[in-house]
$ cat my_file32.cif   # mmCIF, C-alpha atoms and all ligand atoms
data_entry
#
loop_
_atom_site.label_atom_id
_atom_site.label_comp_id
_atom_site.auth_asym_id
_atom_site.auth_seq_id
_atom_site.Cartn_x
_atom_site.Cartn_y
_atom_site.Cartn_z
CA MET T 1 -21.32 19.35 1.70
CA MET T 2 -24.74 17.72 1.35
CA LYS T 3 -26.93 16.05 3.94
CA THR T 4 -26.46 12.26 3.67
CA LYS T 5 -29.73 10.37 4.29
CA LEU T 6 -29.54 7.21 6.38
CA LEU T 7 -32.12 4.87 4.81
CA GLN T 8 -33.43 1.53 6.08
CA ASN T 9 -33.76 -1.74 4.19
CA THR T 10 -37.52 -1.26 3.60
CA ASN T 11 -39.51 -1.05 0.39
CA GLU T 12 -40.30 2.58 1.01
CA ASP T 13 -36.67 3.57 1.58
CA LEU T 14 -35.35 1.41 -1.27
CA LYS T 15 -37.73 3.31 -3.56
CA ILE T 16 -36.23 6.61 -2.41
CA ALA T 17 -32.74 5.21 -3.04
CA ALA T 18 -33.74 3.94 -6.50
CA GLU T 19 -35.02 7.39 -7.47
CA LEU T 20 -31.84 9.04 -6.24
CA LEU T 21 -29.81 6.70 -8.49
CA GLN T 22 -32.04 7.42 -11.49
CA ASN T 23 -31.46 11.12 -10.85
CA GLY T 24 -27.71 10.64 -10.99
CA GLU T 25 -27.04 10.75 -7.24
CA LEU T 26 -24.70 8.46 -5.27
CA VAL T 27 -26.20 5.86 -2.92
CA ALA T 28 -24.20 3.48 -0.71
CA PHE T 29 -25.80 0.06 -0.27
CA PRO T 30 -25.07 -3.24 1.45
CA THR T 31 -23.87 -6.28 -0.45
CA GLU T 32 -22.95 -9.68 0.97
CA THR T 33 -19.23 -8.74 0.70
CA VAL T 34 -18.84 -5.07 1.72
CA TYR T 35 -20.86 -1.87 1.24
CA GLY T 36 -20.77 -0.45 -2.28
CA LEU T 37 -20.93 3.19 -3.40
CA GLY T 38 -23.38 3.10 -6.27
CA ALA T 39 -24.25 5.20 -9.30
CA ASP T 40 -26.00 4.42 -12.59
CA ALA T 41 -23.13 2.80 -14.55
CA ARG T 42 -24.36 4.47 -17.78
CA GLN T 43 -24.36 8.06 -16.49
CA GLU T 44 -20.87 9.48 -16.99
CA ASP T 45 -21.18 12.42 -14.61
CA SER T 46 -22.59 10.28 -11.81
CA VAL T 47 -19.80 7.75 -12.19
CA ARG T 48 -17.26 10.57 -12.20
CA SER T 49 -18.65 11.75 -8.88
CA ILE T 50 -17.95 8.30 -7.36
CA PHE T 51 -14.25 8.84 -8.05
CA ALA T 52 -14.44 12.33 -6.52
CA ALA T 53 -16.31 11.19 -3.38
CA LYS T 54 -13.81 8.37 -2.76
CA GLY T 55 -10.67 10.20 -3.84
CA ARG T 56 -10.08 7.25 -6.18
CA PRO T 57 -7.54 7.25 -9.04
CA ALA T 58 -9.36 7.49 -12.40
CA ASP T 59 -7.61 4.45 -13.89
CA ASN T 60 -9.06 2.07 -11.27
CA PRO T 61 -12.15 0.50 -12.90
CA LEU T 62 -15.50 -0.06 -11.18
CA ILE T 63 -17.56 -3.23 -10.91
CA VAL T 64 -21.04 -3.10 -12.50
CA HIS T 65 -23.76 -4.81 -10.44
CA ILE T 66 -26.75 -6.55 -12.06
CA SER T 67 -29.87 -8.29 -10.76
CA ASP T 68 -30.53 -10.73 -13.63
CA MET T 69 -28.70 -12.30 -16.56
CA GLY T 70 -30.75 -10.26 -19.06
CA MET T 71 -28.95 -7.10 -17.95
CA LEU T 72 -25.66 -8.43 -19.35
CA ASP T 73 -26.92 -7.48 -22.83
CA GLY T 74 -26.47 -3.77 -22.17
CA ILE T 75 -23.09 -4.17 -20.47
CA VAL T 76 -20.92 -6.74 -22.23
CA THR T 77 -20.56 -7.70 -25.91
CA GLU T 78 -20.02 -11.38 -25.28
CA VAL T 79 -20.60 -13.98 -22.55
CA PRO T 80 -18.30 -16.96 -23.12
CA GLU T 81 -19.62 -20.37 -22.17
CA ILE T 82 -17.30 -20.65 -19.17
CA ALA T 83 -18.71 -17.38 -17.80
CA GLU T 84 -22.22 -18.71 -18.19
CA ARG T 85 -21.36 -21.86 -16.24
CA LEU T 86 -19.75 -19.81 -13.47
CA ALA T 87 -22.75 -17.48 -13.32
CA LYS T 88 -25.01 -20.51 -12.90
CA ALA T 89 -22.88 -21.83 -10.07
CA PHE T 90 -21.96 -18.65 -8.18
CA TRP T 91 -24.48 -15.87 -8.98
CA PRO T 92 -26.00 -14.22 -7.13
CA GLY T 93 -22.80 -14.16 -5.08
CA PRO T 94 -19.31 -12.75 -4.54
CA LEU T 95 -17.78 -13.43 -7.98
CA THR T 96 -16.84 -10.64 -10.42
CA MET T 97 -16.11 -11.56 -14.03
CA VAL T 98 -14.17 -9.26 -16.36
CA LEU T 99 -15.71 -9.35 -19.85
CA PRO T 100 -15.56 -7.25 -23.05
CA LYS T 101 -17.47 -4.00 -22.48
CA CYS T 102 -20.18 -2.59 -24.75
CA ASP T 103 -20.49 1.08 -25.71
CA ALA T 104 -23.41 1.79 -23.33
CA ILE T 105 -20.90 1.58 -20.48
CA PRO T 106 -18.73 4.71 -20.61
CA GLU T 107 -14.94 4.59 -20.23
CA VAL T 108 -15.05 6.41 -16.88
CA THR T 109 -16.79 3.32 -15.48
CA SER T 110 -14.16 0.93 -16.83
CA GLY T 111 -11.18 3.15 -16.00
CA GLY T 112 -10.46 3.51 -19.72
CA LEU T 113 -10.34 -0.26 -20.33
CA ASP T 114 -12.32 -2.04 -23.05
CA THR T 115 -13.42 -4.63 -20.50
CA VAL T 116 -15.81 -4.34 -17.55
CA GLY T 117 -16.13 -6.28 -14.30
CA VAL T 118 -19.68 -7.54 -13.67
CA ARG T 119 -21.28 -9.22 -10.71
CA MET T 120 -24.71 -10.15 -9.36
CA PRO T 121 -24.69 -9.54 -5.60
CA SER T 122 -26.79 -11.77 -3.34
CA HIS T 123 -27.79 -9.25 -0.66
CA PRO T 124 -31.57 -8.77 -1.01
CA ALA T 125 -31.31 -4.98 -0.59
CA ALA T 126 -28.74 -4.78 -3.40
CA LEU T 127 -30.87 -6.91 -5.73
CA SER T 128 -34.00 -4.86 -4.94
CA LEU T 129 -32.18 -1.59 -5.50
CA ILE T 130 -30.95 -2.69 -8.93
CA ARG T 131 -34.42 -3.96 -9.89
CA MET T 132 -36.31 -0.92 -8.61
CA SER T 133 -33.95 1.58 -10.25
CA GLY T 134 -33.61 -0.37 -13.49
CA CYS T 135 -29.97 0.71 -13.48
CA PRO T 136 -26.86 -1.40 -13.79
CA ILE T 137 -25.09 -0.03 -10.71
CA ALA T 138 -21.38 0.83 -10.86
CA ALA T 139 -20.04 0.48 -7.34
CA PRO T 140 -16.64 0.34 -5.74
CA SER T 141 -16.38 -0.34 -2.01
CA ALA T 142 -17.89 2.65 -0.15
CA ASN T 143 -14.76 3.69 1.77
CA ARG T 144 -12.49 6.68 1.15
CA SER T 145 -9.70 5.46 -1.15
CA GLY T 146 -7.03 3.63 0.86
CA SER T 147 -9.17 2.93 3.97
CA PRO T 148 -10.53 -0.48 4.90
CA SER T 149 -13.69 -1.44 3.02
CA PRO T 150 -16.85 -0.74 5.06
CA THR T 151 -18.82 -3.66 6.45
CA THR T 152 -21.46 -1.59 8.32
CA ALA T 153 -23.53 1.48 7.41
CA LYS T 154 -21.75 3.32 10.23
CA HIS T 155 -18.36 2.73 8.55
CA VAL T 156 -19.80 4.23 5.37
CA MET T 157 -21.09 7.25 7.29
CA ASP T 158 -17.71 7.68 9.01
CA ASP T 159 -16.03 7.94 5.58
CA MET T 160 -18.74 9.47 3.36
CA ASP T 161 -21.10 11.62 5.46
CA GLY T 162 -21.71 14.85 3.56
CA ARG T 163 -20.25 13.49 0.30
CA ILE T 164 -23.09 11.29 -0.96
CA ALA T 165 -26.89 11.41 -1.13
CA ALA T 166 -27.76 8.34 0.97
CA VAL T 167 -26.68 5.14 2.70
CA ILE T 168 -28.95 2.09 3.02
CA ASP T 169 -28.40 0.32 6.33
CA GLY T 170 -28.40 -3.45 5.78
CA GLY T 171 -26.51 -4.44 8.91
CA LEU T 172 -23.11 -6.13 9.10
CA CYS T 173 -21.93 -7.71 5.83
CA ASP T 174 -21.70 -11.48 5.85
CA VAL T 175 -18.54 -12.19 3.83
CA GLY T 176 -16.50 -9.16 4.95
CA VAL T 177 -13.93 -9.03 2.11
CA GLU T 178 -14.61 -7.95 -1.46
CA SER T 179 -15.62 -10.32 -4.26
CA THR T 180 -13.28 -12.66 -6.09
CA VAL T 181 -12.35 -10.91 -9.37
CA ILE T 182 -11.49 -13.13 -12.36
CA CYS T 183 -10.82 -12.77 -16.06
CA PHE T 184 -10.43 -15.41 -18.76
CA ASP T 185 -7.10 -15.75 -20.57
CA ASP T 186 -8.85 -18.21 -22.92
CA ASP T 187 -11.88 -20.55 -22.87
CA GLU T 188 -10.20 -22.89 -20.41
CA THR T 189 -8.20 -20.58 -18.18
CA ILE T 190 -9.45 -18.65 -15.16
CA HIS T 191 -7.09 -15.93 -13.99
CA ILE T 192 -7.77 -14.74 -10.43
CA LEU T 193 -7.06 -11.02 -10.19
CA ARG T 194 -8.30 -10.60 -6.60
CA PRO T 195 -9.01 -13.46 -4.18
CA GLY T 196 -12.26 -13.56 -2.21
CA LEU T 197 -14.62 -16.00 -0.52
CA ILE T 198 -14.84 -18.03 -3.75
CA SER T 199 -11.41 -19.63 -3.87
CA ALA T 200 -9.19 -21.08 -6.60
CA GLU T 201 -10.18 -24.50 -5.28
CA ASP T 202 -13.88 -23.63 -5.75
CA LEU T 203 -13.21 -22.56 -9.36
CA GLU T 204 -11.07 -25.56 -10.35
CA PRO T 205 -13.98 -27.82 -11.41
CA PHE T 206 -14.98 -25.19 -14.01
CA ALA T 207 -11.78 -24.81 -16.04
CA ALA T 208 -8.72 -26.74 -17.16
CA HIS T 209 -6.48 -24.07 -15.62
CA VAL T 210 -6.97 -21.75 -12.67
CA TYR T 211 -4.17 -19.48 -11.52
CA VAL T 212 -3.70 -16.58 -9.15
CA ASP T 213 -2.14 -13.32 -10.36
CA GLU T 214 1.34 -12.54 -9.04
CA ALA T 215 0.09 -9.19 -7.68
CA VAL T 216 -1.95 -11.06 -5.05
CA TYR T 217 1.29 -12.13 -3.34
CA THR T 218 3.73 -9.33 -4.08
CA GLN T 219 3.97 -5.55 -4.16
CA ILE T 220 3.46 -4.07 -7.62
CA ALA T 221 5.21 -0.83 -8.60
CA ALA T 222 2.86 2.16 -8.97
CA ASP T 223 3.80 2.56 -12.66
CA ALA T 224 3.60 -1.16 -13.50
CA LYS T 225 1.26 -2.47 -16.19
CA VAL T 226 -1.08 -4.89 -14.43
CA ALA T 227 -4.11 -6.97 -15.36
CA SER T 228 -6.20 -5.31 -12.64
CA PRO T 229 -5.36 -1.69 -11.84
CA GLY T 230 -6.74 -1.93 -8.28
CA MET T 231 -3.91 -4.29 -7.34
CA LYS T 232 -1.21 -1.65 -7.51
CA TYR T 233 -2.67 0.75 -4.99
CA ARG T 234 -1.94 0.53 -1.27
CA HIS T 235 -5.25 -0.40 0.17
CA TYR T 236 -7.40 -1.48 3.04
CA ALA T 237 -5.13 0.05 5.67
CA PRO T 238 -6.11 1.46 9.05
CA HIS T 239 -4.14 4.43 10.46
CA ALA T 240 -2.26 2.05 12.75
CA LYS T 241 0.82 0.37 11.28
CA ILE T 242 -0.02 -3.24 10.42
CA ILE T 243 2.80 -5.77 10.81
CA PRO T 244 2.06 -9.40 9.93
CA VAL T 245 4.28 -11.82 11.86
CA ASP T 246 4.96 -15.23 10.38
CA ALA T 247 5.58 -17.23 13.56
CA PRO T 248 5.90 -21.02 13.89
CA ASP T 249 3.44 -20.97 16.81
CA HIS T 250 1.68 -18.74 19.31
CA ALA T 251 4.47 -18.99 21.90
CA ALA T 252 7.06 -17.64 19.45
CA PHE T 253 4.68 -14.86 18.40
CA ALA T 254 3.99 -13.89 22.05
CA ALA T 255 7.69 -13.83 22.99
CA PHE T 256 8.47 -11.62 20.00
CA VAL T 257 5.68 -9.15 20.74
CA GLN T 258 6.62 -8.94 24.41
CA SER T 259 10.19 -8.02 23.42
CA GLN T 260 8.91 -4.98 21.44
CA LYS T 261 9.04 -1.61 23.16
CA GLN T 262 6.96 0.80 21.01
CA GLU T 263 4.02 2.83 22.34
CA GLY T 264 0.50 1.74 21.41
CA ILE T 265 1.24 -1.91 20.59
CA PHE T 266 -1.73 -4.17 19.92
CA CYS T 267 -2.02 -7.75 18.74
CA LEU T 268 -4.51 -9.28 16.35
CA LEU T 269 -4.76 -12.96 17.27
CA PHE T 270 -6.61 -16.10 16.22
CA ASP T 271 -9.57 -17.00 18.45
CA SER T 272 -7.77 -20.11 19.69
CA ASP T 273 -4.65 -18.17 20.80
CA PRO T 274 -4.18 -17.58 24.55
CA GLU T 275 -3.86 -14.03 25.95
CA ILE T 276 -0.44 -12.35 25.87
CA ALA T 277 0.41 -10.84 29.25
CA GLY T 278 0.74 -7.06 29.17
CA ILE T 279 -0.33 -6.61 25.52
CA PRO T 280 -3.87 -5.57 24.49
CA CYS T 281 -5.29 -8.03 21.97
CA MET T 282 -8.15 -8.32 19.54
CA ARG T 283 -9.14 -11.51 17.72
CA TYR T 284 -10.25 -12.20 14.18
CA GLY T 285 -11.31 -15.83 14.08
CA ASP T 286 -9.67 -19.15 13.31
CA SER T 287 -10.94 -20.16 9.86
CA GLY T 288 -10.49 -18.12 6.69
CA ARG T 289 -14.25 -17.58 6.56
CA GLU T 290 -14.25 -16.05 10.06
CA GLN T 291 -11.11 -14.01 9.45
CA ALA T 292 -12.60 -12.57 6.25
CA HIS T 293 -15.74 -11.64 8.15
CA PHE T 294 -13.84 -9.79 10.89
CA LEU T 295 -10.66 -8.35 9.33
CA PHE T 296 -11.90 -4.92 8.16
CA LEU T 297 -14.12 -4.53 11.22
CA ARG T 298 -11.10 -5.10 13.47
CA PHE T 299 -8.98 -2.66 11.44
CA ARG T 300 -11.48 0.09 12.22
CA GLU T 301 -11.82 -0.98 15.87
CA LEU T 302 -8.04 -0.95 16.30
CA ASP T 303 -7.94 2.68 15.18
CA GLU T 304 -10.75 3.55 17.56
CA ALA T 305 -8.86 1.85 20.41
CA GLY T 306 -5.82 4.03 19.68
CA ALA T 307 -3.57 1.26 18.37
CA GLN T 308 -0.37 2.53 16.74
CA THR T 309 1.41 -0.70 15.85
CA VAL T 310 -0.50 -3.93 15.36
CA TYR T 311 1.26 -7.30 15.20
CA VAL T 312 -0.94 -9.78 13.38
CA ARG T 313 -0.90 -13.58 13.35
CA MET T 314 -0.54 -14.59 9.67
CA PRO T 315 -3.46 -16.23 7.90
CA LYS T 316 -2.92 -19.22 5.60
CA LYS T 317 -2.49 -18.81 1.84
CA SER T 318 -4.93 -21.47 0.63
CA GLY T 319 -8.69 -21.42 0.05
CA THR T 320 -10.66 -18.41 1.29
CA ASP T 321 -7.75 -17.66 3.64
CA LEU T 322 -5.83 -16.28 0.63
CA SER T 323 -8.27 -13.34 0.48
CA VAL T 324 -7.44 -12.48 4.09
CA TYR T 325 -3.70 -12.92 3.48
CA ASN T 326 -3.90 -10.59 0.45
CA ARG T 327 -5.81 -7.81 2.29
CA LEU T 328 -3.48 -8.02 5.27
CA MET T 329 -0.34 -7.94 3.12
CA ARG T 330 -1.62 -4.94 1.20
CA ALA T 331 -2.42 -3.11 4.43
CA ALA T 332 1.16 -3.87 5.50
CA GLY T 333 2.72 -2.83 2.19
CA PHE T 334 3.79 -6.51 1.80
CA GLU T 335 6.29 -6.31 4.67
CA VAL T 336 6.32 -9.31 7.01
CA ILE T 337 8.36 -10.25 10.06
CA THR T 338 9.40 -13.90 9.80
CA LEU T 339 10.44 -15.58 13.06
O1 LIG K 401 -17.31 -7.19 -3.40
C1 LIG K 401 -17.01 -6.30 -4.20
O2 LIG K 401 -16.45 -6.54 -5.29
C2 LIG K 401 -17.35 -4.87 -3.81
C3 LIG K 401 -18.88 -4.75 -3.73
C4 LIG K 401 -19.34 -3.35 -3.53
O3 LIG K 401 -19.44 -5.32 -4.88
N1 LIG K 401 -16.81 -3.93 -4.76
C5 LIG K 401 -15.48 -3.65 -4.83
O4 LIG K 401 -15.13 -2.72 -5.77
O5 LIG K 401 -14.66 -4.18 -4.12
P1 LIG K 401 -13.71 -2.00 -5.84
O6 LIG K 401 -13.87 -0.96 -6.86
O7 LIG K 401 -13.29 -1.59 -4.50
O8 LIG K 401 -12.76 -3.08 -6.44
C6 LIG K 401 -12.87 -3.47 -7.78
C7 LIG K 401 -11.67 -4.28 -8.20
C8 LIG K 401 -10.46 -3.41 -8.39
O9 LIG K 401 -9.31 -4.10 -7.90
C9 LIG K 401 -10.42 -3.24 -9.89
O10 LIG K 401 -9.13 -2.98 -10.36
C10 LIG K 401 -10.96 -4.58 -10.39
O11 LIG K 401 -11.94 -4.92 -9.45
N2 LIG K 401 -11.58 -4.44 -11.71
C11 LIG K 401 -12.77 -3.86 -11.99
N3 LIG K 401 -12.99 -3.86 -13.33
C12 LIG K 401 -11.92 -4.44 -13.89
C13 LIG K 401 -11.52 -4.72 -15.25
N4 LIG K 401 -12.28 -4.36 -16.29
N5 LIG K 401 -10.34 -5.33 -15.44
C14 LIG K 401 -9.57 -5.69 -14.41
N6 LIG K 401 -9.87 -5.45 -13.12
C15 LIG K 401 -11.03 -4.83 -12.86
MG MG K 402 -12.19 -0.98 -2.80
#
$ encode --input "my_file32.cif" --output "structure tokens" --more "lines below"
Ligand code: TXA
Ligand code: MG
Amino acid sequence: MMKTKLLQNTNEDLKIAAELLQNGELVAFPTETVYGLGADARQEDSVRSIFAAKGRPADNPLIVHISDMGMLDGIVTEVPEIAERLAKAFWPGPLTMVLPKCDAIPEVTSGGLDTVGVRMPSHPAALSLIRMSGCPIAAPSANRSGSPSPTTAKHVMDDMDGRIAAVIDGGLCDVGVESTVICFDDDETIHILRPGLISAEDLEPFAAHVYVDEAVYTQIAADAKVASPGMKYRHYAPHAKIIPVDAPDHAAFAAFVQSQKQEGIFCLLFDSDPEIAGIPCMRYGDSGREQAHFLFLRFRELDEAGAQTVYVRMPKKSGTDLSVYNRLMRAAGFEVITL
């Protein structure tokens, strides 16, 4: 065990963090989506220690974070025109593009693939850290593998204290779910591997075809060959059992929950839903944007409150809401109760 430093989002502390990264240490940092667990993407041993600290399967590739377009040179062999247009529109921001990897990025970083996911985060602390260190930063979400992604520095500490060199505290993350991950099947086709704040609808003006991978909606077998290895792992789950309930309205949902007899029942409701007599409730917003912001935070709060079974009002499947639907379904192992 090592002592994990809690750093602040100040120039002085960012400099300490940048030096730690240069020296091959692991530093967790805020991004606009969730906290990342960073290492210099070019240092094999450092990247290997990310997998060890998280308990992450070695075939699940990492995203490489950059602070300017010039850094792409040392990471990818080619930037197609469509990627350039998307970068102009959405970077810095929560969009990850999978592109052909160059040799400077070792295979541990890309999980053995010949492609690499790249994104330019918009959180000022993340951008400063990349600039000050001069490193392309490989960073998965800074949770232990399988837990909900962290949206505060405290969540990171809860999971990683003693396992990493430092955490930079940048407050609560704005977006709350991880970036939209895309690849290009050809020059005119955007393939969404993981939904995020930037939705299929947002991407449509940029390509003739935009489609969402099947694995976003359905359970993928552990030994299946998939476009994005991260999609096959159970993910994002609190200790409590998460059960999404597809109900026609709040009244039907409430009647169903009240008929359940287990210990430790909780509900996760929309903000506009009324209380349910006799059942403790938490809320996670009404719009997809709000639900994305609150979902992982509520997962952790439900565990702290001692919830054992959580019945959740189902988000929509369109726009940003699809990112919430996907995280919830994965936490639930894709099992839903339909009323
Ligand atoms: O918002 C985010 O993306 C956060 C912050 C820290 O940037 N990072 C994050 O990383 O969520 P992680 O490792 O938890 O998720 C990365 C996802 C995984 O599902 C992985 O399989 C996919 O991106 N991915 C990464 N590189 C890929 C590649 N070369 N091909 C296909 N999928 C890739
Ligand atoms: Mg993750």
$ residues_near_ligand --input "my_file32.cif" --ligand "ligand MG 402 (chain K)" --cutoff "7 Å" --atoms "all atoms listed in the file" --output "PDB file with C-alpha atoms, keeping the file's coordinate frame"
ATOM      1  CA  PRO T 140     -16.640   0.340  -5.740  1.00  0.00           C
ATOM      2  CA  SER T 141     -16.380  -0.340  -2.010  1.00  0.00           C
ATOM      3  CA  SER T 149     -13.690  -1.440   3.020  1.00  0.00           C
TER       4      SER T 149
END
$ closest_residue --input "my_file32.cif" --among "T:Arg163, T:His191, T:Arg48, T:Lys225" --to "Val27 (chain T)" --atoms "all atoms listed in the file"
T:Arg163
$ residues_near_ligand --input "my_file32.cif" --ligand "ligand LIG 401 (chain K)" --cutoff "7 Å" --atoms "only C-alpha atoms and all ligand atoms" --output "JSON, numbers by chain"
{"T": [31, 33, 34, 35, 36, 37, 60, 61, 62, 63, 94, 96, 98, 110, 113, 115, 116, 117, 121, 139, 140, 141, 177, 178, 179, 180, 181, 193, 194, 227, 228, 229, 230, 231]}
$ closest_residue --input "my_file32.cif" --among "T:Gly171, T:Arg56, T:Ala125, T:Ala165" --to "Leu26 (chain T)" --atoms "only C-alpha atoms"
T:Ala165
$ residues_around --input "my_file32.cif" --residues "Glu44 (chain T)" --least-positions-apart "6" --cutoff "8 Å" --atoms "all atoms listed in the file" --output "VMD selection string"
chain T and resid 106 108 to 109
$ residues_around --input "my_file32.cif" --residues "Ile337 (chain T)" --least-positions-apart "4" --cutoff "7 Å" --atoms "all atoms listed in the file" --output "VMD selection string"
chain T and resid 244 to 246
$ atom_distance --input "my_file32.cif" --atom1 "CA of Asp103 (chain T)" --atom2 "CA of Leu20 (chain T)"
23.9 Å
$ closest_residue --input "my_file32.cif" --among "T:Arg289, T:Arg283, T:Arg313, T:His123" --to "Leu172 (chain T)" --atoms "all atoms listed in the file"
T:His123
$ atom_distance --input "my_file32.cif" --atom1 "CA of Glu188 (chain T)" --atom2 "CA of Val76 (chain T)"
19.5 Å
$ build_atoms --input "my_file32.cif" --residues "region 29-52 of chain T" --atoms "N, CA and C atoms" --output "PDB file, in the frame of the given file"
ATOM      1  N   PHE T  29     -24.862   1.166  -0.547  1.00  0.00           N
ATOM      2  CA  PHE T  29     -25.800   0.060  -0.270  1.00  0.00           C
ATOM      3  C   PHE T  29     -25.037  -1.171   0.192  1.00  0.00           C
ATOM      4  N   PRO T  30     -25.738  -2.030   0.974  1.00  0.00           N
ATOM      5  CA  PRO T  30     -25.070  -3.240   1.450  1.00  0.00           C
ATOM      6  C   PRO T  30     -24.989  -4.294   0.362  1.00  0.00           C
ATOM      7  N   THR T  31     -23.898  -5.028   0.319  1.00  0.00           N
ATOM      8  CA  THR T  31     -23.870  -6.280  -0.450  1.00  0.00           C
ATOM      9  C   THR T  31     -23.404  -7.361   0.524  1.00  0.00           C
ATOM     10  N   GLU T  32     -23.373  -8.605   0.080  1.00  0.00           N
ATOM     11  CA  GLU T  32     -22.950  -9.680   0.970  1.00  0.00           C
ATOM     12  C   GLU T  32     -21.449  -9.587   1.287  1.00  0.00           C
ATOM     13  N   THR T  33     -20.679  -8.843   0.458  1.00  0.00           N
ATOM     14  CA  THR T  33     -19.230  -8.740   0.700  1.00  0.00           C
ATOM     15  C   THR T  33     -18.921  -7.532   1.582  1.00  0.00           C
ATOM     16  N   VAL T  34     -19.072  -6.341   1.023  1.00  0.00           N
ATOM     17  CA  VAL T  34     -18.840  -5.070   1.720  1.00  0.00           C
ATOM     18  C   VAL T  34     -19.864  -4.077   1.186  1.00  0.00           C
ATOM     19  N   TYR T  35     -19.955  -2.895   1.776  1.00  0.00           N
ATOM     20  CA  TYR T  35     -20.860  -1.870   1.240  1.00  0.00           C
ATOM     21  C   TYR T  35     -20.281  -1.292  -0.046  1.00  0.00           C
ATOM     22  N   GLY T  36     -21.176  -1.045  -1.024  1.00  0.00           N
ATOM     23  CA  GLY T  36     -20.770  -0.450  -2.280  1.00  0.00           C
ATOM     24  C   GLY T  36     -21.243   0.996  -2.366  1.00  0.00           C
ATOM     25  N   LEU T  37     -20.525   1.806  -3.161  1.00  0.00           N
ATOM     26  CA  LEU T  37     -20.930   3.190  -3.400  1.00  0.00           C
ATOM     27  C   LEU T  37     -21.448   3.271  -4.822  1.00  0.00           C
ATOM     28  N   GLY T  38     -22.772   3.317  -4.974  1.00  0.00           N
ATOM     29  CA  GLY T  38     -23.380   3.100  -6.270  1.00  0.00           C
ATOM     30  C   GLY T  38     -23.781   4.338  -7.037  1.00  0.00           C
ATOM     31  N   ALA T  39     -23.687   4.219  -8.369  1.00  0.00           N
ATOM     32  CA  ALA T  39     -24.250   5.200  -9.300  1.00  0.00           C
ATOM     33  C   ALA T  39     -24.709   4.426 -10.525  1.00  0.00           C
ATOM     34  N   ASP T  40     -25.599   5.021 -11.318  1.00  0.00           N
ATOM     35  CA  ASP T  40     -26.000   4.420 -12.590  1.00  0.00           C
ATOM     36  C   ASP T  40     -24.747   4.294 -13.464  1.00  0.00           C
ATOM     37  N   ALA T  41     -24.383   3.056 -13.820  1.00  0.00           N
ATOM     38  CA  ALA T  41     -23.130   2.800 -14.550  1.00  0.00           C
ATOM     39  C   ALA T  41     -23.096   3.470 -15.916  1.00  0.00           C
ATOM     40  N   ARG T  42     -24.289   3.876 -16.435  1.00  0.00           N
ATOM     41  CA  ARG T  42     -24.360   4.470 -17.780  1.00  0.00           C
ATOM     42  C   ARG T  42     -24.254   5.983 -17.765  1.00  0.00           C
ATOM     43  N   GLN T  43     -24.401   6.593 -16.579  1.00  0.00           N
ATOM     44  CA  GLN T  43     -24.360   8.060 -16.490  1.00  0.00           C
ATOM     45  C   GLN T  43     -22.950   8.536 -16.147  1.00  0.00           C
ATOM     46  N   GLU T  44     -22.277   9.099 -17.156  1.00  0.00           N
ATOM     47  CA  GLU T  44     -20.870   9.480 -16.990  1.00  0.00           C
ATOM     48  C   GLU T  44     -20.614  10.393 -15.804  1.00  0.00           C
ATOM     49  N   ASP T  45     -21.441  11.442 -15.665  1.00  0.00           N
ATOM     50  CA  ASP T  45     -21.180  12.420 -14.610  1.00  0.00           C
ATOM     51  C   ASP T  45     -21.350  11.806 -13.229  1.00  0.00           C
ATOM     52  N   SER T  46     -22.347  10.931 -13.092  1.00  0.00           N
ATOM     53  CA  SER T  46     -22.590  10.280 -11.810  1.00  0.00           C
ATOM     54  C   SER T  46     -21.401   9.397 -11.451  1.00  0.00           C
ATOM     55  N   VAL T  47     -20.933   8.642 -12.442  1.00  0.00           N
ATOM     56  CA  VAL T  47     -19.800   7.750 -12.190  1.00  0.00           C
ATOM     57  C   VAL T  47     -18.565   8.573 -11.831  1.00  0.00           C
ATOM     58  N   ARG T  48     -18.395   9.697 -12.519  1.00  0.00           N
ATOM     59  CA  ARG T  48     -17.260  10.570 -12.200  1.00  0.00           C
ATOM     60  C   ARG T  48     -17.324  11.030 -10.748  1.00  0.00           C
ATOM     61  N   SER T  49     -18.545  11.265 -10.263  1.00  0.00           N
ATOM     62  CA  SER T  49     -18.650  11.750  -8.880  1.00  0.00           C
ATOM     63  C   SER T  49     -18.334  10.645  -7.849  1.00  0.00           C
ATOM     64  N   ILE T  50     -18.420   9.382  -8.249  1.00  0.00           N
ATOM     65  CA  ILE T  50     -17.950   8.300  -7.360  1.00  0.00           C
ATOM     66  C   ILE T  50     -16.449   8.467  -7.104  1.00  0.00           C
ATOM     67  N   PHE T  51     -15.699   8.699  -8.183  1.00  0.00           N
ATOM     68  CA  PHE T  51     -14.250   8.840  -8.050  1.00  0.00           C
ATOM     69  C   PHE T  51     -13.910  10.033  -7.164  1.00  0.00           C
ATOM     70  N   ALA T  52     -14.689  11.127  -7.329  1.00  0.00           N
ATOM     71  CA  ALA T  52     -14.440  12.330  -6.520  1.00  0.00           C
ATOM     72  C   ALA T  52     -14.760  12.056  -5.046  1.00  0.00           C
TER      73      ALA T  52
END
